[in-house]
Amino acid sequence: MTMTESQPASAVADNPPAAPSAAHGLYDWISTTDHKRIGRIWILVSMVLLVAFTVLGTFVGLERAEPATSGFFGGQNSYFQMWTLYRLGMVLLVVMPLFIGLATLVVPMQVGSTNIAFPRAALVAVWSFLLGAGITIVSVLVGGGWGALDGVTGDEADAIALTLVGTGMVIGALLIAAICIATTVVSLRTPGMNLMRVPLFAWSMLVASAVWLLTLPVAIANLILIYVDLRGGPLTFGDPEASGAIYAQIAWLVEQPQIYAFAIPVLGVIGSVVPAYAKTRQADHALMVVMVGVFGFAAIGGWSQPFFFDSTEDVVFVGFGLLAVVPVLGVLGGSLLTLFRGEKPTDRPPAHLHGALAAAVLLFGAVASGALRVIAPFDLAGTSAITGIFNLVVFSAVAAALTGVWFWSPKISGGLVAAEDGRIALLTLLTGATLLGAADVVAGFYAAPDLLLFETGSDVVDPLLIASAAGGFMIAGGMVYALGGFLVSFRSTNPEAGADPWDGHSLEWSISSPPPVANFVEPPARVVSESPLLDSSEPDTDGEDA
Amino acid sequence: MVVTTALPAPVTRRPRTVLVGAMFASGAAMMVYFGLLGIYAHRRAEASFSGQGWFPEGTVELGPPGFIFWTLVLSVFTVQWAVQAIKNGDRTNAMWAMAITALFGAAVFNQLWFIINDIGYALADGEAEFFFFVVNGTFIVFLILAVVFLALTMLRALFGSYGPRQSDGIAAAAMFWNTVVAMWSITWYVIYITK
C-alpha cells in the first residue's frame with residue numbers, strides 16, 4: 001500500500017492584492033487598477049513632459065548665453081520664472097514620474113506579485129499628478145511661479161499661491177505612488193525573496209521611496225508656510241524686499257545633497273542591465289545593495305534649507321558631498337567587475353547597455369563635481385557649478401530611466417523598441433548632457449553666478465555658456481527622437497520579443513511579453529538567490545526565509 | 001491501493017500590506033509636521049538669540065494644551081484596546097473602543113479650537129503668531145484625518161471586514177492615531193511648555 005500526504009493550498013492566500021481584470025477602452029484606462037497600465041500612463045506623460053522641459057531648458061540656456069540678443073522671455077522676472085520652472089519641473093514633473101512609472105510597471109513583477117500594493121491609490125496618484133502638473137504649469141504661465149525677483153505684488157501672490165497648490169499636489173501624488181511601490185517591495189515579495197535577494201532596481205526604488213518619504217514632506221511643510229504667508233501672513237516670504245525668497249526656501253530640493261535622491265534608481269537600473277548583458281550574476285550583490293543604501297543616506301537633504309543651514313562649509317554638508325562619491329564608485333566598480341567576469345558577446349551591445357554606461361558616466365561626473373563643490377577653497381557656492389551638477393544628476397537619471405524603458409520595453413509595450421533609435425537618443429543625451437553640465441561646472445570655477453542674465457564679458461565664461469546652451473539643444477533633439485521611437489514601438493509591437501530577449505535574471509523575465517493581466521499564471525517557484533532565473537532548479541541551501 | 005490524507009493548511013505569512021503602507025504614510029505625515037516644528041523651533045531660537053522675544057508674556061497658557069495631551073494619552077489606551085479586541089474576535093469591544101477614541105478626538109478638536117480662538121492673536125501680527133497658527137492648524141488637519149481614518153475603519157469593522165485573522169486595517173488606523181498623538185506630545189513641549 002502506498003500512502004501519500006498532500007498539503008492543500010494555503011487557507012489564506014497571503015492576502016494578495018486584488019488581481020486586475022482585463023480592460024479596454026478610455027474608461028478602463030481612466031479607472032484601471034492594473035499596475036502595468038498605470039505605469040504606462042506615468043511613463044507616457046513624463047516622456048511628453050521630458051520633451052517639453054528639455055525644449056524649455058534649451059531656451060533658458062540660450063537666453064542665459066545671449067541675454068542681449070535672444071530676449072525669449074521678455075525680462076528678468078519672466079526668465080526667473082522659466083528658470084525655476086525648468087529646475088523644479090525636471091525633477092518633480094519628469095525624473096520622479098519617469099522612475100515611478102517604470103517602478104509601478106516593473107517592480108511588482110520583479111518581486112513576484114500579481115499587482116502593486118494599493119492599486120486604487122496608485123491610480124489616484126497618477127491622475128492627481130496630472131492635475132497638479134497642469135495647475136503648476138498653467139499657473140507659472142499666467143505669472144505665478146516660485147517667487148519673483150522684484151518682489152511679490154497682489155496679483156502675483158494669487159498666481160504664486162496657485163503654483164504652490166499645484167506643487168503640493170504633485171509632491172503628494174508622487175508620495176502616494178512611492179508608498180505603493182515601497183509597500184510592494186516590503187510586503188508582497190514572493191516566498192524566499194528576502195531583502196538581500198530583491199533585484200537591484202526594486203531595491204533602489206525602495207531606498208529612493210524611503211528617502212523621498214522622509215524628505216519631500218519637509219518640502220510640503222515649506223509650501224504650507226509660504227502659502228499661508230501669502231494668504232494673510234506677515235509676509236516673511238512675499239516681502240518685496242526679499243526678492244526670490246520663496247524659491248530660496250525650496251531650492252534645497254534641487255541642490256546638493258537632495259538632488260542625489262532623484263538619482264538613486266540610476267544605480268538600480270545599472271545593476272539590472274549589466275548582469276543581463278554579461279549573462280552572469282552581479283558581482284558582490286550584497287555590497288551593491290549596501291552601496292545603494294549608502295547613496296540613499298547621502299541624499300537625505302531636508303536639513304539643508306535656509307532655516308536650518310547657512311554655511312556651505314558646514315561639516316555635515318561637506319561630509320554628505322564627499323560621501324556620495326563612495327557608493328557611486330562602488331556600484332560602478334561592481335558593474336565593471338560583472339562585465340569583466342561575464343561572457344563577452346561579439347554582437348553589437350544593445351541600446352540599454354549604452355544607456356547604462358551613459359547614466360553611469362553622468363552620475364559619476366555629478367558626484368565628482370559635487371565633491372569639488374563642497375571643498376571650500378574652490379569657492380563654488382552660488383556659482384554656475386550648482387546648475388552644472390543639477391543638470392548632470394538630472395540627465396543621468398533621464399538616461400537611466402530611458403535605459404529602463406528600452407530594457408523593459410517587452411514588458412511595457414510587448415515588443416522591443418528599435419535599438420538604433422535607443423543608441424542615437426542615448427548617445428545624443430550623453431554628449432549633450434556632458435556639454436551642458438561640464439560647461440557650467442567649469443564656468444563655476446571662473447565665478448560665473450548660478451542665476452545669470454547678463455553678459456559676463458569673460459573670454460572663458462561666455463563661450464562656456466554658449467557650449468552649455470548647445471548641449472541643451474542636443475538633448476532636446478535627442479529626447480524628441482527618443483519619444484518618437486518609443487511611440488512608434490508602442491503602436492507596432494514586435495511579436496518576436498519573447499518573454500526574455502535579454503537573458504534577464506529576475507522574475508519579470510519569466511513571464512510572457514506583454515505580461516498577462518495578473519502577471520503570473522503560476523505562482524513563482526521559491527526564490528533562493530537574487531537571480532532566480534539562473535538557479536530556479538537549485539534547492540534552497542541556506543534555509544533562509546523571506 | 002493509494003490513500004491520500006489531507007494535512008492542515010500551512011501557516012501562511014500575512015503580508016500586512018495595509019500596516020506597512022500605513023507605516024510609510026505615518027512616517028511621511030510625521031515629517032511634514034516635524035518639518036514645521038523644526039522651523040518653528042529654529043526661528044524662535046534665532047529670535048531669542050537676537051533679543052526680539054517670541055510670544056508676549058502670559059498669552060500662551062499651559063492648562064488647555066495639557067488637557068489635550070492627557071486626553072490623547074488616554075486615547076492611546078483606547079485605540080490599542082480596539083486592536084487587541086479585534087485580534088481576540090471581540091468586535092463589540094473593538095467598536096466601543098474605536099468610538100471612544102473618536103470621541104476623544106472630537107474633544108481634542110474642541111479644546112484646540114478653544115485655544116486658537118482664545119489666544120487673541122491674528123495671523124499677520126508677527127512671526128511667532130504666524131507660526132503658532134500654522135503649526136496648530138496643521139495639527140488640526142492631521143487630527144481630522146486620523147478621526148476620518150478611524151471612522152472608515154469602524155464602518156468596515158461594522159460590516160465584518162475585520163476579525164482575528166484580519167486586523168491590519170484597525171492596527172493601521174491605530175498606528176496613524178498614535179502618530180498624531182506623538183505629534184501633539186512634541187508640540188506640547190516645544191510650543192506650550194518651553195514657549
# chains A, B, ... in the order shown; residues from 1 in each chain; ligands from 1
>>> residues_around(residues="B:Phe67", least_positions_apart="2", cutoff="12 Å", atoms="only C-alpha atoms", output="VMD selection string")
chain B and resid 61 to 65 69 to 74 104 107 to 112 114 to 115 184 to 185 188 192
>>> select_by_dssp(residues="stretch 9-150 of chain B", states="helix (DSSP H, G or I)", output="PyMOL selection string")
chain B and resi 17-49+63-87+91-118+123-125+127-150
>>> atom_distance(atom1="atom CA of A:Val185", atom2="atom CA of A:Ala125")
17.9 Å
>>> atom_distance(atom1="atom CA of A:Val292", atom2="atom CA of A:Pro327")
6.5 Å
>>> atom_distance(atom1="atom CA of A:Ile43", atom2="atom CA of A:Thr403")
12.6 Å
>>> residues_around(residues="A:Ser272", least_positions_apart="2", cutoff="10 Å", atoms="only C-alpha atoms", output="CSV table (one decimal) with N, CA, C and O atoms, in the first residue's frame")
chain,number,residue,atom,x,y,z
A,199,PRO,N,15.7,42.2,-6.6
A,199,PRO,CA,16.5,42.7,-7.7
A,199,PRO,C,17.0,44.2,-7.4
A,199,PRO,O,16.2,44.9,-6.7
A,200,LEU,N,18.1,44.6,-7.9
A,200,LEU,CA,18.7,45.9,-7.5
A,200,LEU,C,17.8,47.0,-7.9
A,200,LEU,O,17.7,48.0,-7.2
A,201,PHE,N,17.0,46.9,-9.0
A,201,PHE,CA,16.1,48.1,-9.4
A,201,PHE,C,15.0,48.2,-8.3
A,201,PHE,O,14.8,49.3,-7.9
A,202,ALA,N,14.4,47.1,-7.9
A,202,ALA,CA,13.4,47.1,-6.9
A,202,ALA,C,13.9,47.7,-5.6
A,202,ALA,O,13.3,48.5,-4.9
A,266,VAL,N,19.1,55.2,-10.5
A,266,VAL,CA,20.1,55.1,-11.6
A,266,VAL,C,20.9,53.9,-11.2
A,266,VAL,O,21.2,53.0,-12.1
A,267,LEU,N,21.3,53.7,-10.0
A,267,LEU,CA,22.2,52.6,-9.6
A,267,LEU,C,21.4,51.3,-9.8
A,267,LEU,O,22.1,50.3,-10.2
A,268,GLY,N,20.1,51.3,-9.5
A,268,GLY,CA,19.4,50.1,-9.7
A,268,GLY,C,19.2,49.7,-11.2
A,268,GLY,O,19.3,48.5,-11.5
A,269,VAL,N,19.1,50.7,-12.0
A,269,VAL,CA,19.0,50.3,-13.5
A,269,VAL,C,20.3,49.8,-14.0
A,269,VAL,O,20.3,48.7,-14.7
A,270,ILE,N,21.4,50.4,-13.6
A,270,ILE,CA,22.7,49.9,-14.0
A,270,ILE,C,22.9,48.5,-13.5
A,270,ILE,O,23.3,47.6,-14.2
A,274,VAL,N,23.4,45.5,-16.5
A,274,VAL,CA,24.8,45.0,-16.7
A,274,VAL,C,24.9,43.5,-16.6
A,274,VAL,O,25.4,42.8,-17.4
A,275,PRO,N,24.3,42.9,-15.5
A,275,PRO,CA,24.4,41.4,-15.3
A,275,PRO,C,23.7,40.7,-16.5
A,275,PRO,O,24.1,39.6,-16.9
A,276,ALA,N,22.5,41.3,-16.9
A,276,ALA,CA,21.8,40.6,-18.0
A,276,ALA,C,22.7,40.6,-19.3
A,276,ALA,O,22.7,39.6,-20.0
A,277,TYR,N,23.4,41.7,-19.5
A,277,TYR,CA,24.2,41.7,-20.7
A,277,TYR,C,25.4,40.8,-20.6
A,277,TYR,O,25.7,40.0,-21.5
A,282,GLN,N,25.4,39.3,-10.7
A,282,GLN,CA,26.0,40.5,-10.3
A,282,GLN,C,27.2,40.2,-9.3
A,282,GLN,O,27.0,39.5,-8.3
A,335,SER,N,29.8,46.9,-11.2
A,335,SER,CA,29.3,46.6,-12.6
A,335,SER,C,30.4,46.3,-13.6
A,335,SER,O,30.3,45.4,-14.4
A,356,ALA,N,23.0,52.5,-20.0
A,356,ALA,CA,23.5,52.3,-18.6
A,356,ALA,C,24.9,53.0,-18.4
A,356,ALA,O,25.2,53.6,-17.4
A,404,GLY,N,15.9,52.1,-18.9
A,404,GLY,CA,15.0,51.2,-18.3
A,404,GLY,C,13.8,50.9,-19.3
A,404,GLY,O,13.3,49.8,-19.5
A,407,PHE,N,15.1,48.7,-21.9
A,407,PHE,CA,15.4,47.3,-21.4
A,407,PHE,C,14.1,46.6,-21.1
A,407,PHE,O,14.0,45.4,-21.5
A,504,GLY,N,17.5,37.9,-19.0
A,504,GLY,CA,17.5,38.6,-17.7
A,504,GLY,C,17.4,37.5,-16.6
A,504,GLY,O,17.1,36.3,-16.8
A,505,HIS,N,17.7,38.0,-15.4
A,505,HIS,CA,17.8,37.1,-14.2
A,505,HIS,C,16.6,37.1,-13.3
A,505,HIS,O,16.5,36.3,-12.4
A,506,SER,N,15.9,38.2,-13.3
A,506,SER,CA,14.8,38.4,-12.3
A,506,SER,C,13.5,37.9,-12.8
A,506,SER,O,13.3,37.7,-14.0
>>> closest_residue(among="A:Ala433, A:Ile300, A:Val186, A:Met474", to="chain B", atoms="only C-alpha atoms")
A:Val186
>>> closest_residue(among="A:Val218, A:Val170, A:Ala157, A:Val442", to="chain B", atoms="only C-alpha atoms")
A:Val218
>>> select_by_dssp(residues="chain B", states="strand (DSSP E or B)", output="VMD selection string")
chain B and resid 2 to 6 163 166
>>> write_last_selection(atoms="N, CA, C and O atoms", output="compact mmCIF listing (two decimals), in the first residue's frame")
# COMPACT_ATOMS: atom_id res chain seq x y z
N VAL B 2 -3.98 3.36 -3.07
CA VAL B 2 -3.36 4.63 -2.69
C VAL B 2 -4.32 5.40 -1.80
O VAL B 2 -5.47 5.62 -2.13
N VAL B 3 -3.85 5.74 -0.60
CA VAL B 3 -4.68 6.52 0.33
C VAL B 3 -4.07 7.91 0.47
O VAL B 3 -2.87 8.04 0.73
N THR B 4 -4.84 8.88 0.24
CA THR B 4 -4.34 10.25 0.37
C THR B 4 -4.95 10.90 1.59
O THR B 4 -6.17 10.93 1.74
N THR B 5 -4.10 11.37 2.48
CA THR B 5 -4.58 12.02 3.69
C THR B 5 -4.29 13.51 3.62
O THR B 5 -3.15 13.90 3.37
N ALA B 6 -5.30 14.29 3.81
CA ALA B 6 -5.09 15.74 3.73
C ALA B 6 -4.48 16.26 5.01
O ALA B 6 -4.93 15.92 6.11
N GLY B 163 -11.42 40.80 11.61
CA GLY B 163 -11.62 39.75 12.59
C GLY B 163 -10.27 39.32 13.12
O GLY B 163 -9.25 39.96 12.83
N GLN B 166 -7.71 38.97 10.46
CA GLN B 166 -7.53 40.13 9.59
C GLN B 166 -7.80 41.40 10.40
O GLN B 166 -8.89 41.94 10.36
